[in-house]
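Peer 1: Got a structure for you, structure03.txt, holding compact mmCIF, C-alpha atoms.
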```txt
# COMPACT_ATOMS: atom_id res chain seq x y z
CA MET A 1 0.00 0.00 0.00
CA PRO A 2 2.57 2.62 -1.09
CA ASP A 3 0.04 5.48 -1.23
CA LEU A 4 -1.10 4.87 2.32
CA LYS A 5 2.49 4.56 3.42
CA ARG A 6 3.17 8.05 2.09
CA GLN A 7 0.09 9.22 3.95
CA THR A 8 1.43 7.63 7.14
CA ASN A 9 4.78 9.38 6.77
CA ARG A 10 3.09 12.68 5.93
CA ARG A 11 0.86 12.38 8.96
CA CYS A 12 3.47 11.87 11.68
CA SER A 13 1.85 14.87 13.40
CA LEU A 14 -1.26 12.76 14.07
CA PHE A 15 0.40 11.40 17.17
CA ALA A 16 0.33 14.91 18.60
CA THR A 17 -3.47 14.78 18.31
CA PHE A 18 -4.69 11.21 18.78
CA ALA A 19 -3.50 7.77 19.72
CA ILE A 20 -5.36 4.64 18.65
CA LEU A 21 -4.71 1.59 20.78
CA LEU A 22 -5.88 -1.94 20.17
CA GLY A 23 -8.36 -2.95 22.83
CA SER A 24 -6.37 -6.13 23.36
CA GLN A 25 -3.58 -4.04 24.88
CA LEU A 26 -5.99 -3.18 27.66
CA ASP A 27 -8.01 -6.31 28.16
CA HIS A 28 -6.16 -8.87 26.00
CA ALA A 29 -9.23 -10.08 24.12
CA THR A 30 -11.01 -7.56 21.94
CA ALA A 31 -9.57 -8.01 18.47
CA PHE A 32 -11.42 -10.78 16.66
CA ARG A 33 -13.08 -11.47 13.38
CA THR A 34 -16.00 -13.51 12.15
CA ILE A 35 -15.94 -16.06 9.39
CA GLY A 36 -19.49 -17.25 9.06
CA SER A 37 -20.33 -17.62 12.72
CA ASN A 38 -16.82 -18.48 13.94
CA PHE A 39 -14.86 -16.04 16.09
CA ILE A 40 -11.09 -15.92 16.30
CA HIS A 41 -9.83 -14.14 19.41
CA SER A 42 -6.53 -12.38 19.91
CA LYS A 43 -4.13 -14.35 22.07
CA PRO A 44 -3.93 -13.22 25.74
CA SER A 45 -0.57 -11.75 26.66
CA SER A 46 -0.67 -13.20 30.17
CA SER A 47 -1.58 -16.63 31.47
CA LEU A 48 -2.62 -15.05 34.78
CA LEU A 49 -5.79 -13.46 33.39
CA PRO A 50 -9.04 -14.48 35.07
CA PRO A 51 -11.30 -16.72 32.93
CA LEU A 52 -13.70 -13.81 32.37
CA ALA A 53 -10.99 -11.88 30.52
CA ALA A 54 -11.14 -14.29 27.61
CA LYS A 55 -14.52 -12.84 26.62
CA SER A 56 -14.56 -9.29 27.93
CA ALA A 57 -14.21 -6.05 26.03
CA MET A 58 -13.29 -3.64 28.80
CA ILE A 59 -13.18 -5.45 32.12
CA ASP A 60 -12.96 -2.23 34.12
CA ASP A 61 -14.88 0.62 32.51
CA GLY A 62 -13.30 3.04 34.96
CA PHE A 63 -9.75 2.46 33.74
CA GLN A 64 -7.27 5.30 34.24
CA TYR A 65 -4.22 4.30 32.24
CA SER A 66 -3.53 2.62 28.94
CA LEU A 67 -0.66 1.29 26.89
CA GLY A 68 0.73 3.27 23.98
CA PRO A 69 3.61 4.15 21.68
CA PRO A 70 6.34 6.26 23.46
CA GLU A 71 9.94 5.06 23.80
CA SER A 72 9.28 3.70 27.27
CA GLY A 73 6.66 1.39 25.80
CA PHE A 74 3.87 3.11 27.73
CA SER A 75 1.62 6.14 27.65
CA ILE A 76 -0.56 7.66 30.34
CA PHE A 77 -3.81 9.30 29.29
CA LEU A 78 -6.41 11.04 31.40
CA ALA A 79 -9.46 8.79 31.47
CA GLU A 80 -11.70 11.71 30.51
CA ARG A 81 -9.83 11.99 27.19
CA THR A 82 -10.38 8.37 26.20
CA LYS A 83 -13.30 6.50 24.72
CA LYS A 84 -13.84 2.99 23.47
CA VAL A 85 -14.68 2.71 19.80
CA HIS A 86 -15.75 -0.63 18.37
CA PHE A 87 -15.33 -0.59 14.59
CA ILE A 88 -17.38 -3.14 12.66
CA ARG A 89 -17.02 -3.83 8.97
CA HIS A 90 -20.34 -4.65 7.29
CA ALA A 91 -21.27 -8.31 6.85
CA GLU A 92 -21.01 -10.09 3.51
CA GLY A 93 -22.72 -8.30 0.63
CA TYR A 94 -23.63 -9.44 -2.86
CA HIS A 95 -20.76 -7.36 -4.26
CA ASN A 96 -18.32 -9.36 -2.11
CA VAL A 97 -19.66 -12.60 -3.58
CA ALA A 98 -19.49 -11.22 -7.13
CA THR A 99 -15.84 -10.16 -6.87
CA GLU A 100 -14.89 -13.46 -5.26
CA GLN A 101 -16.58 -15.41 -8.04
CA THR A 102 -15.08 -13.36 -10.88
CA GLY A 103 -11.68 -12.81 -9.31
CA ASN A 104 -11.62 -9.10 -10.18
CA LEU A 105 -13.52 -5.83 -9.75
CA ASP A 106 -14.82 -5.50 -13.30
CA CYS A 107 -18.25 -6.71 -12.19
CA LEU A 108 -18.53 -3.55 -10.08
CA LEU A 109 -18.17 -1.17 -13.03
CA ARG A 110 -21.26 0.39 -14.52
CA ASP A 111 -22.50 -0.89 -17.87
CA GLU A 112 -21.23 1.05 -20.85
CA ASN A 113 -24.64 2.56 -21.64
CA GLY A 114 -26.07 2.43 -18.13
CA THR A 115 -25.85 4.41 -14.93
CA ALA A 116 -24.34 3.38 -11.63
CA SER A 117 -27.74 3.45 -9.92
CA SER A 118 -29.25 1.07 -12.50
CA HIS A 119 -26.60 -1.60 -11.84
CA GLU A 120 -27.78 -4.61 -9.80
CA LEU A 121 -24.87 -4.18 -7.37
CA HIS A 122 -25.41 -0.47 -6.77
CA ASP A 123 -25.49 0.15 -3.00
CA ALA A 124 -25.24 -3.62 -2.58
CA ARG A 125 -27.25 -5.48 0.05
CA LEU A 126 -26.28 -8.25 2.45
CA THR A 127 -26.46 -11.88 1.42
CA SER A 128 -28.18 -14.48 3.60
CA LYS A 129 -24.72 -15.44 4.84
CA GLY A 130 -24.06 -11.81 5.70
CA ILE A 131 -27.26 -11.62 7.73
CA ALA A 132 -26.21 -14.79 9.57
CA GLN A 133 -22.81 -13.21 10.31
CA ALA A 134 -24.47 -10.12 11.79
CA ASP A 135 -26.84 -12.25 13.88
CA ALA A 136 -23.87 -14.24 15.17
CA LEU A 137 -22.07 -11.07 16.20
CA ARG A 138 -25.19 -9.95 18.06
CA THR A 139 -25.23 -13.25 19.95
CA TYR A 140 -21.55 -12.85 20.77
CA LEU A 141 -22.01 -9.33 22.14
CA SER A 142 -24.95 -10.52 24.24
CA THR A 143 -22.60 -12.87 26.12
CA ARG A 144 -19.41 -10.77 26.22
CA PRO A 145 -19.06 -9.11 29.65
CA SER A 146 -18.38 -5.38 29.78
CA GLY A 147 -18.11 -3.28 32.92
CA THR A 148 -20.59 -4.50 35.53
CA ARG A 149 -22.82 -6.32 33.01
CA SER A 150 -22.67 -9.79 31.51
CA PHE A 151 -23.16 -8.34 28.01
CA THR A 152 -21.82 -5.46 25.94
CA THR A 153 -23.89 -2.29 25.57
CA PHE A 154 -23.23 0.83 23.56
CA ASP A 155 -24.04 4.48 24.11
CA LEU A 156 -24.11 5.26 20.39
CA VAL A 157 -23.94 3.40 17.07
CA VAL A 158 -22.59 5.44 14.15
CA VAL A 159 -23.53 4.03 10.76
CA SER A 160 -22.42 4.64 7.19
CA PRO A 161 -25.44 5.55 5.03
CA LEU A 162 -24.95 2.67 2.60
CA THR A 163 -27.59 -0.06 2.69
CA ARG A 164 -25.27 -2.90 3.71
CA THR A 165 -24.01 -1.03 6.79
CA CYS A 166 -27.55 -0.08 7.82
CA GLN A 167 -28.59 -3.73 7.49
CA THR A 168 -25.56 -4.87 9.49
CA ALA A 169 -26.27 -2.40 12.29
CA LEU A 170 -29.91 -3.45 12.49
CA HIS A 171 -29.07 -7.16 12.76
CA VAL A 172 -26.19 -6.66 15.22
CA PHE A 173 -27.85 -4.18 17.58
CA GLY A 174 -31.59 -4.63 16.99
CA GLU A 175 -34.08 -1.79 16.67
CA PRO A 176 -32.54 1.55 17.65
CA ARG A 177 -33.95 4.12 20.00
CA GLU A 178 -36.31 6.51 18.27
CA PRO A 179 -34.51 9.77 17.34
CA GLY A 180 -35.11 12.49 19.89
CA LYS A 181 -36.47 10.11 22.52
CA PRO A 182 -34.51 10.05 25.81
CA ALA A 183 -33.03 6.78 26.99
CA PHE A 184 -35.14 6.65 30.15
CA LEU A 185 -38.33 6.57 28.06
CA THR A 186 -37.17 3.67 25.89
CA ARG A 187 -36.45 0.42 27.70
CA VAL A 188 -36.02 -3.10 26.33
CA ASP A 189 -35.23 -6.41 27.99
CA ALA A 190 -31.60 -7.40 28.55
CA PRO A 191 -30.32 -10.16 26.22
CA PRO A 192 -32.14 -13.49 26.73
CA GLY A 193 -30.23 -15.92 28.92
CA SER A 194 -28.30 -13.21 30.76
CA PRO A 195 -28.55 -12.84 34.54
CA GLU A 196 -29.92 -9.35 33.95
CA HIS A 197 -32.71 -10.77 31.80
CA GLU A 198 -33.55 -13.35 34.46
CA SER A 199 -33.77 -10.52 37.01
CA GLY A 200 -36.09 -8.50 34.81
CA ILE A 201 -33.58 -5.72 34.22
CA GLN A 202 -34.29 -3.50 31.24
CA ILE A 203 -31.82 -1.38 29.26
CA ALA A 204 -32.00 1.47 26.78
CA PRO A 205 -31.27 0.57 23.14
CA PRO A 206 -28.59 2.72 21.53
CA ARG A 207 -29.25 5.61 19.20
CA PHE A 208 -28.25 5.02 15.56
CA LEU A 209 -26.68 8.11 13.99
CA VAL A 210 -25.91 8.04 10.25
CA ARG A 211 -22.82 9.92 9.04
CA GLU A 212 -21.36 10.31 5.55
CA GLU A 213 -17.82 10.59 6.94
CA CYS A 214 -17.53 6.87 7.67
CA ARG A 215 -18.90 5.63 4.34
CA GLU A 216 -16.78 3.57 1.97
CA ARG A 217 -14.19 5.14 -0.28
CA TRP A 218 -16.47 6.37 -3.04
CA GLY A 219 -16.39 6.50 -6.83
CA ARG A 220 -15.92 4.19 -9.82
CA TYR A 221 -17.37 1.01 -8.26
CA VAL A 222 -21.18 0.93 -8.23
CA CYS A 223 -21.42 -0.86 -4.88
CA ASP A 224 -19.97 2.22 -3.17
CA GLY A 225 -22.68 4.61 -4.32
CA ARG A 226 -25.81 4.98 -2.21
CA ARG A 227 -29.51 5.35 -2.84
CA PRO A 228 -31.30 8.62 -1.98
CA ILE A 229 -31.69 9.09 1.77
CA SER A 230 -35.44 9.55 1.29
CA GLU A 231 -35.54 5.95 0.06
CA ILE A 232 -33.13 4.48 2.61
CA ALA A 233 -34.89 6.19 5.53
CA GLN A 234 -38.16 4.46 4.64
CA GLU A 235 -36.44 1.09 5.05
CA PHE A 236 -34.72 2.07 8.32
CA PRO A 237 -37.27 4.38 10.00
CA ASN A 238 -35.67 4.77 13.43
CA PHE A 239 -32.19 5.56 12.14
CA ASP A 240 -31.26 9.20 12.71
CA PHE A 241 -30.48 10.73 9.29
CA SER A 242 -30.75 14.31 10.56
CA GLU A 243 -27.04 15.04 10.05
CA ILE A 244 -27.02 13.95 6.40
CA LEU A 245 -27.09 17.11 4.27
CA HIS A 246 -27.94 15.71 0.83
CA ASP A 247 -30.72 13.39 -0.29
CA GLU A 248 -28.95 12.38 -3.49
CA ASP A 249 -25.45 10.90 -3.45
CA VAL A 250 -23.41 13.99 -4.26
CA PHE A 251 -20.09 12.29 -3.49
CA TYR A 252 -20.14 9.37 -5.92
CA THR A 253 -18.42 10.03 -9.27
CA GLU A 254 -16.84 8.01 -12.06
CA HIS A 255 -13.45 8.61 -10.46
CA ARG A 256 -12.23 6.90 -7.31
CA GLU A 257 -11.80 9.07 -4.24
CA SER A 258 -8.09 9.74 -3.75
CA ASP A 259 -6.15 7.99 -0.98
CA GLU A 260 -5.23 11.38 0.46
CA HIS A 261 -8.84 12.58 0.65
CA CYS A 262 -10.04 9.32 2.20
CA CYS A 263 -7.27 9.51 4.80
CA ASP A 264 -8.12 13.13 5.57
CA ARG A 265 -11.83 12.48 6.09
CA ALA A 266 -11.01 9.43 8.25
CA VAL A 267 -9.06 11.71 10.60
CA LYS A 268 -11.85 14.30 10.48
CA PHE A 269 -14.19 11.50 11.52
CA LEU A 270 -11.95 10.79 14.53
CA GLU A 271 -12.10 14.46 15.45
CA TRP A 272 -15.88 14.31 15.29
CA LEU A 273 -15.94 11.12 17.42
CA ASN A 274 -13.68 12.80 19.93
CA LYS A 275 -16.21 15.61 20.43
CA ARG A 276 -19.08 13.20 21.11
CA PRO A 277 -20.16 12.94 24.77
CA GLU A 278 -20.59 9.14 24.60
CA LYS A 279 -17.81 6.94 25.96
CA CYS A 280 -18.63 3.58 24.32
CA ILE A 281 -19.35 3.88 20.59
CA ALA A 282 -19.80 1.37 17.79
CA VAL A 283 -19.05 2.38 14.19
CA VAL A 284 -20.47 0.24 11.37
CA THR A 285 -18.38 0.97 8.31
CA HIS A 286 -16.31 -0.49 5.44
CA SER A 287 -12.96 -2.20 4.80
CA SER A 288 -11.28 0.43 2.62
CA PHE A 289 -12.30 3.23 4.97
CA LEU A 290 -10.84 1.29 7.90
CA ARG A 291 -7.66 0.60 5.93
CA HIS A 292 -7.22 4.32 5.26
CA LEU A 293 -7.94 5.14 8.91
CA PHE A 294 -5.81 2.56 10.70
CA GLY A 295 -2.98 2.80 8.14
CA GLN A 296 -2.14 6.23 9.59
CA PHE A 297 -1.58 4.90 13.11
CA GLY A 298 0.51 2.31 14.88
CA GLU A 299 3.98 3.01 13.47
CA ALA A 300 5.48 2.99 16.97
CA LEU A 301 3.65 -0.13 18.11
CA HIS A 302 5.09 -3.61 18.32
CA THR A 303 5.07 -5.29 14.89
CA ASP A 304 2.37 -7.81 15.82
CA ASP A 305 0.08 -5.10 17.20
CA ARG A 306 0.66 -2.82 14.22
CA GLU A 307 -0.14 -5.61 11.77
CA ASP A 308 -3.25 -6.53 13.74
CA LEU A 309 -4.41 -2.91 13.71
CA GLN A 310 -3.68 -2.23 10.04
CA ARG A 311 -4.67 -5.50 8.36
CA VAL A 312 -7.71 -5.62 6.09
CA ALA A 313 -10.91 -6.26 8.05
CA GLY A 314 -13.04 -9.29 7.24
CA ASN A 315 -16.80 -9.22 6.80
CA CYS A 316 -18.55 -8.46 10.10
CA GLU A 317 -15.22 -8.18 11.91
CA LEU A 318 -15.27 -6.27 15.18
CA ARG A 319 -12.08 -4.38 15.98
CA SER A 320 -12.12 -2.63 19.35
CA VAL A 321 -9.77 0.26 20.02
CA VAL A 322 -9.32 3.03 22.55
CA LEU A 323 -9.25 6.54 21.09
CA CYS A 324 -7.03 8.77 23.20
CA SER A 325 -7.15 12.52 22.64
CA HIS A 326 -4.04 14.55 23.43
CA GLY A 327 -6.33 17.51 24.05
CA ASN A 328 -4.95 19.92 21.47
CA LYS A 329 -7.91 19.66 19.07
CA ASP A 330 -10.75 19.26 21.52
CA GLY A 331 -12.14 22.73 20.80
CA VAL A 332 -11.80 22.63 17.02
CA ASN A 333 -14.99 23.07 15.01
CA ILE A 334 -15.72 20.16 12.67
CA ASP A 335 -17.10 21.26 9.31
CA PRO A 336 -19.64 18.93 7.68
CA LEU A 337 -18.45 16.74 4.84
CA MET A 338 -19.13 18.47 1.52
CA PRO A 339 -18.50 17.43 -2.10
CA SER A 340 -15.70 19.04 -4.06
CA LEU A 341 -16.73 22.22 -5.80
CA ALA A 342 -17.46 21.66 -9.47
CA ALA A 343 -16.03 23.91 -12.15
CA PRO A 344 -18.36 26.81 -13.07
CA SER A 345 -20.67 26.13 -15.99
CA THR A 346 -20.15 29.63 -17.41
CA VAL A 347 -16.91 31.57 -17.61
CA ILE A 348 -16.72 35.16 -18.90
CA LEU A 349 -13.32 36.34 -20.07
CA ASN A 350 -12.50 40.02 -20.26
CA GLU A 351 -11.12 40.86 -23.67
CA GLU A 352 -8.27 43.31 -23.72
```
Represent the structure of the file as structure tokens.

Peer 2:
Amino acid sequence: MPDLKRQTNRRCSLFATFAILLGSQLDHATAFRTIGSNFIHSKPSSSLLPPLAAKSAMIDDGFQYSLGPPESGFSIFLAERTKKVHFIRHAEGYHNVATEQTGNLDCLLRDENGTASSHELHDARLTSKGIAQADALRTYLSTRPSGTRSFTTFDLVVVSPLTRTCQTALHVFGEPREPGKPAFLTRVDAPPGSPEHESGIQIAPPRFLVREECRERWGRYVCDGRRPISEIAQEFPNFDFSEILHDEDVFYTEHRESDEHCCDRAVKFLEWLNKRPEKCIAVVTHSSFLRHLFGQFGEALHTDDREDLQRVAGNCELRSVVLCSHGNKDGVNIDPLMPSLAAPSTVILNEE
């Protein structure tokens, strides 16, 4: 990935703003991926861990210190400047099957006389296998201890506006909380089989917030364009689309988004996440976006950790990290994502 490598070198100043740490450096067991319904866990770094640690995301939600890149091998961050972010790549889509069957990406190009939106793989949906992957991840999260609970809960789920990520989020997390409705007015039962469920404890479902910033690298391939929001919102009625500025897909073009632009918006997305009040956030997104995000971090980590952070994510893979703000961009205003300005349609030249 030479282009991303140049981006990494160019962005050495990122470490003055953020650190991204694999969750496994804190709890030894958060990096895993799904293949079908099978989960592969990262290997614990200590044989003295309690049995619970093999399944937990953040054993102590009140942690004060975390591991990181400096020469000493450690970093210390104020707990108030950290948040857990659980990145999830969408489950298997029909475009994934098509490229695997053909062995190339030509099947994702628009027909010579057609439009991207008329292609059968435009804004591709999940396959039945993909839905099963998402359901399996939901089952896993319902039995993975976090904090004082026997299951993992989230304050916020951020979702790319493409159909396959919306489907993945719905199957992994269930119906979201209605936009604008406070958590204390929306209660659902804890996951079936959990001690909390047996005790009749109810919890608030997370809010689903849709953001363009975490969508797939756009352009050229029809699967990475999206339908109008007015159409998508009808299919996912309780998703919060209020921060999407354009109904039509104003970002998709015949040309692929540059590596540099994708890297830049990935960092802008981190800045936006950093300003959110929630402390435990899930992000349902895409493989190329994650590659452009994580490829800019981890250069000072141990080789194994860096490779685990930067490798290509599998379908429905959950990669848990801790986002640590260094505090020097906490007050920066985040401008909304906007398309590049087109050339003017009329130009008047002054004749001498």

Peer 1: Counting only C-alpha atoms, what is within 10 Å of Leu245 of chain A, bar same-chain residues fewer than 6 positions away, as an NGL selection string?

Peer 2: :A and (211-212 or 229 or 336-338)

Peer 1: Please save C-alpha atoms of the selected residues as a tab-separated table (two decimals), in the coordinates of the input.

Peer 2:
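The result, written out as selection20.tsv:
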```
chain	number	residue	atom	x	y	z
A	211	ARG	CA	-22.82	9.92	9.04
A	212	GLU	CA	-21.36	10.31	5.55
A	229	ILE	CA	-31.69	9.09	1.77
A	336	PRO	CA	-19.64	18.93	7.68
A	337	LEU	CA	-18.45	16.74	4.84
A	338	MET	CA	-19.13	18.47	1.52
```

Peer 1: I'd like to know which of A:Gly298, A:Gly93, A:Gly174, A:Pro339 is closest to Ile131 of chain A, using all atoms listed in the file.

Peer 2: A:Gly93

Peer 1: Have a look at atom CA of Phe74 of chain A and atom CA of Cys280 of chain A and let me know their distance in Å, one decimal.

Peer 2: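 Atom CA of Phe74 of chain A sits 22.8 Å away from atom CA of Cys280 of chain A.
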
Peer 1: Counting all atoms listed in the file, which residue out of A:Leu170, A:Leu21, A:Leu318, A:Ala190 sits closest to Ser150 of chain A?

Peer 2: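 Nearest to Ser150 of chain A: A:Ala190.
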
Peer 1: Quick check, in Å to one decimal: how far apart do atom CA of Ser194 of chain A and atom CA of Pro206 of chain A lie?

Peer 2: 18.4 Å

Peer 1: How many Å lie between atom CA of Ile76 of chain A and atom CA of Thr152 of chain A, rounded to one decimal?

Peer 2: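 Here the two named atoms are 25.4 Å from each other.
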
Peer 1: Could you give me, as a ChimeraX atom specification, the residues that sit within 10 Å of (-37.6, 0.7, 27.8) in the file's coordinates, counting all atoms listed in the file?

Peer 2: /A:177,183-189,201-205

Peer 1: Would you please work out which residue, of A:Arg319, A:Gly225, A:Asp123, A:Thr168, is nearest to Asp135 of chain A when using only C-alpha atoms?

Peer 2: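 Residue with the minimum atom-to-atom distance to Asp135 of chain A: A:Thr168.
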
Peer 1: Have a look at A:Glu100, A:Gly219, A:Cys166, A:Arg138 and name the one nearest to Arg125 of chain A; count all atoms listed in the file.

Peer 2: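 Distance minimum relative to Arg125 of chain A lands on A:Cys166.
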
Peer 1: Just the residues within 12 Å of Ser128 of chain A, please, counting all atoms listed in the file, with nothing from its chain fewer than 4 positions along; format it as an MDAnalysis selection string.

Peer 2: chainID A and resid 36 91:94 97 132:135 164 167:168 171

Peer 1: Please provide the set of residues having any atom within 12 Å of Phe154 of chain A, restricted to all atoms listed in the file, with same-chain residues fewer than 3 positions apart removed, written as a PyMOL selection string.

Peer 2: chain A and resi 57+83-86+141-142+146-147+149+151+157-158+172-174+176-177+183+203-208+278-283

Peer 1: Can you check which parts of segment 131-230 of chain A lie within 10 Å of segment 263-266 of chain A? Per residue, the shortest pair of atoms and distance in Å to one decimal, counting only C-alpha atoms, sorted by chain and number, as JSON lines.

Peer 2:
```
{"residue": "A:Glu212", "atom": "CA", "partner": "A:Arg265", "partner_atom": "CA", "distance": 9.8}
{"residue": "A:Glu213", "atom": "CA", "partner": "A:Arg265", "partner_atom": "CA", "distance": 6.3}
{"residue": "A:Cys214", "atom": "CA", "partner": "A:Ala266", "partner_atom": "CA", "distance": 7.0}
{"residue": "A:Arg215", "atom": "CA", "partner": "A:Ala266", "partner_atom": "CA", "distance": 9.6}
{"residue": "A:Arg217", "atom": "CA", "partner": "A:Cys263", "partner_atom": "CA", "distance": 9.6}
```

Peer 1: Output C-alpha atoms of each residue in that selection to a file, as a short mmCIF file (atom, residue, chain, number, x, y, z; two decimals), in the frame of the given file.

Peer 2:
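Contents of the output file again-v5.cif:
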```
data_model
loop_
_atom_site.label_atom_id
_atom_site.label_comp_id
_atom_site.auth_asym_id
_atom_site.auth_seq_id
_atom_site.Cartn_x
_atom_site.Cartn_y
_atom_site.Cartn_z
CA GLU A 212 -21.36 10.31 5.55
CA GLU A 213 -17.82 10.59 6.94
CA CYS A 214 -17.53 6.87 7.67
CA ARG A 215 -18.90 5.63 4.34
CA ARG A 217 -14.19 5.14 -0.28
#
```

Peer 1: Counting only C-alpha atoms, note down every residue that has an atom within 6 Å of the point (0.6, 6.9, 15.6) (file coordinates), as a PyMOL selection string.

Peer 2: chain A and resi 15+19+297-299

Peer 1: Find the residues around Asn274 of chain A up to 10 Å (only C-alpha atoms counted), leave out those fewer than 4 positions away in its own chain, and share them as a PyMOL selection string.

Peer 2: chain A and resi 18+81-83+268-270+278-279+323-325+327+329-330

Peer 1: For a quick check of understanding, using all atoms listed in the file, which of A:Leu309, A:Arg256, A:Asn333, A:Val222 has the smallest distance to Ser118 of chain A?

Peer 2: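 Looking only at the distances to Ser118 of chain A, the closest residue turns out to be A:Val222.
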